[in-house]
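Everything below concerns the one structure shown next.
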Amino acid sequence: SEPVDVARIRSDFPILDRTVRQDRALVYVDSGATSQKPRQVLDAERDFYERHNAAVHRGAHQLAEEATDAYEDARSTIAGFVGARSEELVFTKNTTEAINLVAYALSNAATAGEAYADLAVGPGDEILVTEMEHHANLVPWQQLCERTGARLRWLSVTADGRLDLSELEDLLTARTKVVALTHQSNVLGTINPVSEVAARAHEVGALVVVDGAQSVPHFPVDVTQLGADFVAFSGHKMLGPNGIGVLWGRSELLSAMPPFLTGGSMIGVVYMDHSTWAEPPQRFEAGVPMAPQAVGLAAACDYLTAVGMDAVAAHEHALTAYAVKQIGSLDGVRLLGPETAENRGATLSFTVDDIHPHDVGQVMDDRGVAARVGHHCAWPLHRKLGVVASTRASFYLYNTEQDVDAVVEGIRAAQDFFARTSK
Ligand code: PMP
């Protein structure tokens with residue numbers, strides 16, 4: 001595909017025109033937390049509210065019909081974006097809820113009757129995660145273990161920020177029920193060999209749950225080629241609205257899973273003392289769903305498809321190579337994660353000697369550079385790396401080498417400021 005035309009793309013994002021602090025041009029390098037939204041997405045959501053707004057899958061009136069069609073068309077567009085079929089795509093609030101859905105379904109399966117017994121996780125079973133997980137793909141598994149008596153195990157992260165796959169041999173056993181791992185680390189930028197891990201997990205009969213929150217927005221992901229069983233991602237990190245996420249699951253697994261949340265819209269038949277469930281994906285979408293957000297996310301997928309996900313990935317790869325070189329070579333700066341752009345996304349976390357990340361972040365903010373500081377919801381990973389917190393710059397299709405330079409200048413400014421004040 002054509003290379004990314006950043007100037008044209010930036011003109012689609014109203015917020016990128018604004019200034020912050022003392023008339024500083026905004027340098028937005030926090031897309032790992034949430035992306036900005038192009039006009040096309042904002043327009044699609046507004047158009048739904050202005051012309052078709054109704055509760056989907058309910059009313060007998062024309063608006064309800066239009067809203068339902070828009071919602072289901074959106075499902076089909078988003079499914080197509082990740083190479084899936086519509087019926088395999090469940091809408092959730094975000095990645096966090098999608099992962100909780102799977103974790104709760106697997107513990108609910110133990111008491112949901114014969115039909116669901118195959119998927120039940122119980123005492124003696126094991127759940128395998130990794131040390132680089134976002135809390136969203138760690139805490140729900142800790143909680144599943146608490147509910148079921150299963151045991152949590154984890155793969156280590158090496159000094160250069162990769163998974164230590166040599167441990168798989170010992171960690172994967174007939175007891176392993178689930179392997180849950182991130183596709184791309186939101187701290188290190190590391191892109192994990194998911195297909196390889198999935199193939200080995202399947203040899204022992206484990207289910208593979210992939211946290212795609214940082215991969216689906218940034219490079220082409222075809223869920224059928226990936227070899228996983230579930231993939232979760234968030235609309236707001238891929239140019240889409242807040243409040244919508246996706247759980248993709250293999251059809252036969254979704255059909256074999258009991259619900260997570262229960263209530264309206266997800267039932268087959270309801271009696272006074274019990275109920276039966278609808279087929280997926282409705283079984284997992286209790287209550288009035290987020291149709292306007294689904295329509296917005298479909299517009300985001302269309303936008304990314306028009307740019308070309310290969311082009312997005314190539315643009316980010318070039319930015320990563322530049323950023324790794326520029327930030328990684330600064331004196332007194334420790335880059336966390338891989339030191340080359342190979343199998344590494346455009347998320348760079350770093351520490352600056354003798355300066356707290358919050359201070360680095362504040363100096364950057366004064367200059368208009370919006371980065372993130374803290375443990376980025378990956379506290380165990382920071383502990384493993386021996387740092388309490390870090391500063392993170394994360395780039396997307398609308399970022400340029402000038403944005404990388406602004407980060408570098410921000411780091412230098414922090415170093416200058418604190419060198420002066422400590423004298
Ligand atoms: N996993 C990863 C790797 C993430 O970066 C994030 C977002 N910070 C999440 C999960 C959670 O996403 P959300 O907050 O949209 O549920």
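The way I read the labels, and the way they are meant: chains A, B, ... in the order of the structure tokens, residue 1 as the first residue of every chain, and ligand 1 as the first ligand shown, with later ones counted on from there.
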
Near ligand 1, 9 Å: chain A residue rows, closest pairs, only C-alpha atoms and all ligand atoms, as CSV:
```
residue,atom,partner,partner_atom_place_in_ligand_line,distance
A:Gly32,CA,ligand 1,5 (O),6.1
A:Ala33,CA,ligand 1,8 (N),5.1
A:Thr34,CA,ligand 1,8 (N),7.6
A:Lys93,CA,ligand 1,16 (O),7.4
A:Asn94,CA,ligand 1,16 (O),4.2
A:Thr95,CA,ligand 1,16 (O),3.8
A:Thr96,CA,ligand 1,16 (O),3.7
A:Glu97,CA,ligand 1,16 (O),6.4
A:Ala98,CA,ligand 1,16 (O),7.9
A:Ile99,CA,ligand 1,16 (O),8.6
A:Met132,CA,ligand 1,3 (C),8.9
A:Glu133,CA,ligand 1,3 (C),6.7
A:His134,CA,ligand 1,1 (N),5.0
A:His135,CA,ligand 1,10 (C),7.2
A:Ala136,CA,ligand 1,10 (C),5.0
A:Asn137,CA,ligand 1,1 (N),6.4
A:Thr182,CA,ligand 1,3 (C),6.0
A:His183,CA,ligand 1,3 (C),7.6
A:Gln184,CA,ligand 1,3 (C),6.5
A:Ser185,CA,ligand 1,3 (C),5.5
A:Asn186,CA,ligand 1,5 (O),4.5
A:Val187,CA,ligand 1,5 (O),7.9
A:Asp211,CA,ligand 1,1 (N),5.7
A:Gly212,CA,ligand 1,3 (C),6.8
A:Ala213,CA,ligand 1,2 (C),4.8
A:Gln214,CA,ligand 1,3 (C),5.3
A:Ser215,CA,ligand 1,3 (C),8.2
A:Ala232,CA,ligand 1,10 (C),8.3
A:Phe233,CA,ligand 1,12 (O),7.1
A:Ser234,CA,ligand 1,15 (O),4.8
A:Gly235,CA,ligand 1,15 (O),7.5
A:His236,CA,ligand 1,15 (O),6.7
A:Lys237,CA,ligand 1,15 (O),7.1
A:Asn242,CA,ligand 1,15 (O),8.1
A:Gly243,CA,ligand 1,15 (O),8.2
A:Ile244,CA,ligand 1,15 (O),8.3
A:Gly245,CA,ligand 1,15 (O),7.1
A:His376,CA,ligand 1,8 (N),7.0
A:Cys377,CA,ligand 1,8 (N),6.9
A:Ala378,CA,ligand 1,3 (C),8.9
```

Writing out the chosen residues with N, CA, C and O atoms as a compact mmCIF listing (two decimals), in the first residue's frame:
```txt
# COMPACT_ATOMS: atom_id res chain seq x y z
N GLY A 32 -0.99 4.88 23.35
CA GLY A 32 -1.07 3.60 24.03
C GLY A 32 -2.16 3.61 25.08
O GLY A 32 -2.79 2.59 25.36
N ALA A 33 -2.39 4.78 25.67
CA ALA A 33 -3.46 4.91 26.67
C ALA A 33 -4.80 5.04 25.95
O ALA A 33 -5.74 4.30 26.22
N THR A 34 -4.88 6.00 25.04
CA THR A 34 -6.06 6.09 24.19
C THR A 34 -5.67 6.89 22.95
O THR A 34 -4.84 7.79 23.02
N LYS A 93 -17.49 -3.65 26.79
CA LYS A 93 -17.18 -2.25 27.08
C LYS A 93 -15.75 -1.91 26.63
O LYS A 93 -15.48 -0.82 26.15
N ASN A 94 -14.83 -2.84 26.82
CA ASN A 94 -13.42 -2.62 26.48
C ASN A 94 -12.67 -3.96 26.58
O ASN A 94 -13.31 -5.00 26.80
N THR A 95 -11.37 -3.92 26.45
CA THR A 95 -10.56 -5.13 26.56
C THR A 95 -10.72 -5.77 27.94
O THR A 95 -10.84 -6.99 28.07
N THR A 96 -10.72 -4.93 28.96
CA THR A 96 -10.84 -5.41 30.34
C THR A 96 -12.09 -6.26 30.50
O THR A 96 -12.05 -7.35 31.06
N GLU A 97 -13.22 -5.75 30.00
CA GLU A 97 -14.46 -6.50 30.15
C GLU A 97 -14.43 -7.77 29.30
O GLU A 97 -14.96 -8.81 29.71
N ALA A 98 -13.81 -7.70 28.13
CA ALA A 98 -13.74 -8.88 27.26
C ALA A 98 -12.98 -10.02 27.96
O ALA A 98 -13.38 -11.18 27.91
N ILE A 99 -11.87 -9.67 28.62
CA ILE A 99 -11.08 -10.70 29.31
C ILE A 99 -11.84 -11.22 30.53
O ILE A 99 -11.87 -12.43 30.79
N MET A 132 4.71 -9.80 31.66
CA MET A 132 4.58 -8.48 31.01
C MET A 132 3.12 -8.08 30.81
O MET A 132 2.83 -7.15 30.08
N GLU A 133 2.19 -8.77 31.49
CA GLU A 133 0.78 -8.45 31.25
C GLU A 133 0.36 -7.12 31.87
O GLU A 133 0.79 -6.76 32.96
N HIS A 134 -0.52 -6.44 31.17
CA HIS A 134 -1.30 -5.33 31.72
C HIS A 134 -2.18 -5.93 32.81
O HIS A 134 -2.59 -7.10 32.72
N HIS A 135 -2.50 -5.16 33.84
CA HIS A 135 -3.34 -5.69 34.93
C HIS A 135 -4.64 -6.29 34.38
O HIS A 135 -5.20 -7.21 34.98
N ALA A 136 -5.11 -5.79 33.24
CA ALA A 136 -6.36 -6.29 32.65
C ALA A 136 -6.26 -7.76 32.22
O ALA A 136 -7.27 -8.45 32.09
N ASN A 137 -5.03 -8.21 31.96
CA ASN A 137 -4.86 -9.62 31.57
C ASN A 137 -4.11 -10.39 32.65
O ASN A 137 -3.47 -11.40 32.38
N THR A 182 -0.26 -11.16 26.19
CA THR A 182 -0.46 -9.98 25.38
C THR A 182 0.22 -10.14 24.03
O THR A 182 1.27 -10.78 23.92
N HIS A 183 -0.37 -9.57 23.00
CA HIS A 183 0.22 -9.63 21.66
C HIS A 183 1.36 -8.61 21.56
O HIS A 183 2.40 -8.89 20.98
N GLN A 184 1.10 -7.42 22.12
CA GLN A 184 2.16 -6.40 22.16
C GLN A 184 2.12 -5.73 23.54
O GLN A 184 1.06 -5.29 23.98
N SER A 185 3.28 -5.67 24.18
CA SER A 185 3.34 -5.08 25.52
C SER A 185 3.07 -3.58 25.49
O SER A 185 3.64 -2.86 24.66
N ASN A 186 2.23 -3.12 26.41
CA ASN A 186 1.92 -1.69 26.47
C ASN A 186 3.02 -0.89 27.17
O ASN A 186 2.94 0.32 27.25
N VAL A 187 4.05 -1.60 27.68
CA VAL A 187 5.17 -0.91 28.33
C VAL A 187 6.43 -1.04 27.48
O VAL A 187 7.10 -0.05 27.19
N ASP A 211 -4.49 -10.80 24.49
CA ASP A 211 -4.80 -9.40 24.73
C ASP A 211 -4.29 -8.62 23.52
O ASP A 211 -3.08 -8.39 23.38
N GLY A 212 -5.22 -8.23 22.67
CA GLY A 212 -4.86 -7.53 21.43
C GLY A 212 -5.02 -6.02 21.54
O GLY A 212 -5.03 -5.33 20.51
N ALA A 213 -5.10 -5.50 22.77
CA ALA A 213 -5.35 -4.06 22.93
C ALA A 213 -4.30 -3.20 22.25
O ALA A 213 -4.60 -2.11 21.76
N GLN A 214 -3.03 -3.70 22.22
CA GLN A 214 -1.96 -2.90 21.62
C GLN A 214 -1.50 -3.47 20.27
O GLN A 214 -0.53 -2.97 19.70
N SER A 215 -2.17 -4.49 19.77
CA SER A 215 -1.75 -5.03 18.47
C SER A 215 -2.76 -4.70 17.38
O SER A 215 -2.38 -4.15 16.33
N ALA A 232 -9.00 -10.15 22.51
CA ALA A 232 -9.74 -9.00 23.06
C ALA A 232 -9.07 -7.71 22.61
O ALA A 232 -7.83 -7.63 22.54
N PHE A 233 -9.87 -6.70 22.28
CA PHE A 233 -9.30 -5.38 21.98
C PHE A 233 -10.31 -4.27 22.27
O PHE A 233 -11.48 -4.54 22.49
N SER A 234 -9.79 -3.03 22.28
CA SER A 234 -10.58 -1.86 22.69
C SER A 234 -10.75 -0.89 21.52
O SER A 234 -9.76 -0.55 20.86
N GLY A 235 -11.96 -0.38 21.33
CA GLY A 235 -12.19 0.60 20.28
C GLY A 235 -11.42 1.89 20.47
O GLY A 235 -10.91 2.47 19.51
N HIS A 236 -11.33 2.34 21.72
CA HIS A 236 -10.76 3.68 21.95
C HIS A 236 -9.28 3.78 21.65
O HIS A 236 -8.75 4.87 21.53
N LYS A 237 -8.59 2.64 21.54
CA LYS A 237 -7.16 2.67 21.21
C LYS A 237 -6.92 2.59 19.72
O LYS A 237 -5.78 2.58 19.27
N ASN A 242 -14.87 5.66 22.90
CA ASN A 242 -14.76 4.99 24.20
C ASN A 242 -16.02 4.17 24.44
O ASN A 242 -17.06 4.43 23.86
N GLY A 243 -15.90 3.20 25.32
CA GLY A 243 -17.09 2.47 25.74
C GLY A 243 -17.43 1.29 24.85
O GLY A 243 -18.48 0.69 25.01
N ILE A 244 -16.54 0.96 23.92
CA ILE A 244 -16.79 -0.26 23.14
C ILE A 244 -15.49 -1.05 22.97
O ILE A 244 -14.43 -0.49 22.68
N GLY A 245 -15.60 -2.33 23.22
CA GLY A 245 -14.47 -3.24 23.01
C GLY A 245 -15.00 -4.47 22.32
O GLY A 245 -16.20 -4.60 22.07
N HIS A 376 1.87 2.22 34.31
CA HIS A 376 1.12 1.86 33.11
C HIS A 376 0.33 0.56 33.29
O HIS A 376 0.24 -0.27 32.37
N CYS A 377 -0.26 0.39 34.47
CA CYS A 377 -1.04 -0.81 34.76
C CYS A 377 -0.24 -2.09 34.54
O CYS A 377 -0.79 -3.11 34.12
N ALA A 378 1.06 -2.02 34.76
CA ALA A 378 1.89 -3.22 34.66
C ALA A 378 2.90 -3.16 35.81
O ALA A 378 4.10 -3.04 35.61
```

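By chain and then residue number, the residues within 10 Å of A:Ala117 are Leu106, Asn108, Ala109, Ala110, Thr111, Ala256, Met257 and Pro258 of chain A, counting only C-alpha atoms and disregarding those fewer than 6 positions away in sequence.
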
Residue with smallest distance to A:Thr130 - pool A:Val387, A:Leu381, A:Ala291, A:Ala44, counting only C-alpha atoms: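 Nearest candidate to A:Thr130 out of A:Val387, A:Leu381, A:Ala291, A:Ala44: A:Leu381.
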
Residues flagged strand (DSSP E) by DSSP in stretch 144-316 of chain A, as an MDAnalysis selection string: chainID A and resid 151:155 176:182 207:211 230:234 245:249 267:270 275:277

Best match for closeness to A:Arg367 among A:Leu253, A:Leu261, A:Ala414, A:Gly332, counting only C-alpha atoms: A:Ala414

Close residues, A:Gly386 itself excluded, 12 Å, only C-alpha atoms, min 4 positions apart in chain, as JSON, numbers by chain: {"A": [159, 334, 336, 351, 375, 379, 380, 381, 382, 390]}

Export, as an mmCIF file, in the first residue's frame, the selected residues with N, CA, C and O atoms.
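result.cif written:
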```
data_model
loop_
_atom_site.group_PDB
_atom_site.id
_atom_site.type_symbol
_atom_site.label_atom_id
_atom_site.label_comp_id
_atom_site.auth_asym_id
_atom_site.auth_seq_id
_atom_site.Cartn_x
_atom_site.Cartn_y
_atom_site.Cartn_z
ATOM 1 N N ALA A 159 15.952 -9.937 30.358
ATOM 2 C CA ALA A 159 16.499 -8.592 30.590
ATOM 3 C C ALA A 159 16.242 -7.666 29.410
ATOM 4 O O ALA A 159 16.086 -6.451 29.584
ATOM 5 N N ARG A 334 17.547 5.149 30.420
ATOM 6 C CA ARG A 334 17.442 3.698 30.257
ATOM 7 C C ARG A 334 16.144 3.379 29.548
ATOM 8 O O ARG A 334 15.050 3.644 30.053
ATOM 9 N N LEU A 336 13.444 0.841 28.440
ATOM 10 C CA LEU A 336 12.976 -0.477 28.867
ATOM 11 C C LEU A 336 12.562 -1.252 27.611
ATOM 12 O O LEU A 336 12.009 -0.674 26.683
ATOM 13 N N THR A 351 13.413 5.319 31.734
ATOM 14 C CA THR A 351 13.652 6.041 32.981
ATOM 15 C C THR A 351 14.824 6.985 32.736
ATOM 16 O O THR A 351 15.668 6.733 31.876
ATOM 17 N N HIS A 375 3.185 3.316 36.358
ATOM 18 C CA HIS A 375 3.537 1.917 36.073
ATOM 19 C C HIS A 375 2.695 1.362 34.925
ATOM 20 O O HIS A 375 2.784 0.194 34.585
ATOM 21 N N TRP A 379 2.354 -3.224 36.996
ATOM 22 C CA TRP A 379 3.162 -3.067 38.206
ATOM 23 C C TRP A 379 4.168 -4.214 38.369
ATOM 24 O O TRP A 379 5.365 -3.990 38.588
ATOM 25 N N PRO A 380 3.708 -5.489 38.240
ATOM 26 C CA PRO A 380 4.686 -6.579 38.376
ATOM 27 C C PRO A 380 5.836 -6.477 37.368
ATOM 28 O O PRO A 380 6.980 -6.794 37.700
ATOM 29 N N LEU A 381 5.546 -6.031 36.168
ATOM 30 C CA LEU A 381 6.609 -5.887 35.161
ATOM 31 C C LEU A 381 7.631 -4.837 35.606
ATOM 32 O O LEU A 381 8.842 -5.060 35.511
ATOM 33 N N HIS A 382 7.155 -3.716 36.114
ATOM 34 C CA HIS A 382 8.084 -2.685 36.585
ATOM 35 C C HIS A 382 8.930 -3.204 37.749
ATOM 36 O O HIS A 382 10.134 -2.968 37.815
ATOM 37 N N SER A 390 7.906 4.543 35.129
ATOM 38 C CA SER A 390 8.643 4.981 33.943
ATOM 39 C C SER A 390 7.830 6.044 33.216
ATOM 40 O O SER A 390 6.679 6.306 33.559
#
```

Who sits within 10 Å of A:Ala314, only C-alpha atoms, same chain under 6 positions skipped, as a PDB file with C-alpha atoms, in the first residue's frame:
```pdb
ATOM      1  CA  SER A   1       0.000   0.000   0.000  1.00  0.00           C
ATOM      2  CA  PRO A   3       3.009   5.141   2.530  1.00  0.00           C
ATOM      3  CA  VAL A   4       1.087   6.968   5.242  1.00  0.00           C
ATOM      4  CA  HIS A 218      -1.188  -1.014  15.090  1.00  0.00           C
ATOM      5  CA  PHE A 219      -0.601  -3.844  12.608  1.00  0.00           C
ATOM      6  CA  GLY A 308      -3.978   0.397   4.961  1.00  0.00           C
ATOM      7  CA  THR A 320      10.118   2.917  16.261  1.00  0.00           C
ATOM      8  CA  LEU A 397      -0.223   6.765  12.481  1.00  0.00           C
TER       9      LEU A 397
END
```

Which residue of A:Cys145, A:Leu119, A:Leu239, A:Val129 approaches A:Thr305 most closely, using only C-alpha atoms: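 Of A:Cys145, A:Leu119, A:Leu239, A:Val129, the one nearest A:Thr305 is A:Leu239, counting only C-alpha atoms.
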
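Of the residues listed (A:Val408, A:Ala199, A:Val178, A:Ala413), A:Val408 shows the shortest atom-to-atom separation from A:Ser329; distances use only C-alpha atoms.
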
Among listed residues A:Leu172, A:Val407, A:Ala64, A:Pro140, nearest A:Phe48 (using only C-alpha atoms):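 For A:Phe48, the nearest of the given residues is A:Ala64.
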
DSSP helix (DSSP H, G or I) residues within stretch 177-282 of chain A, as a PyMOL selection string: chain A and resi 194-203+223-226+235-237+251-255+282
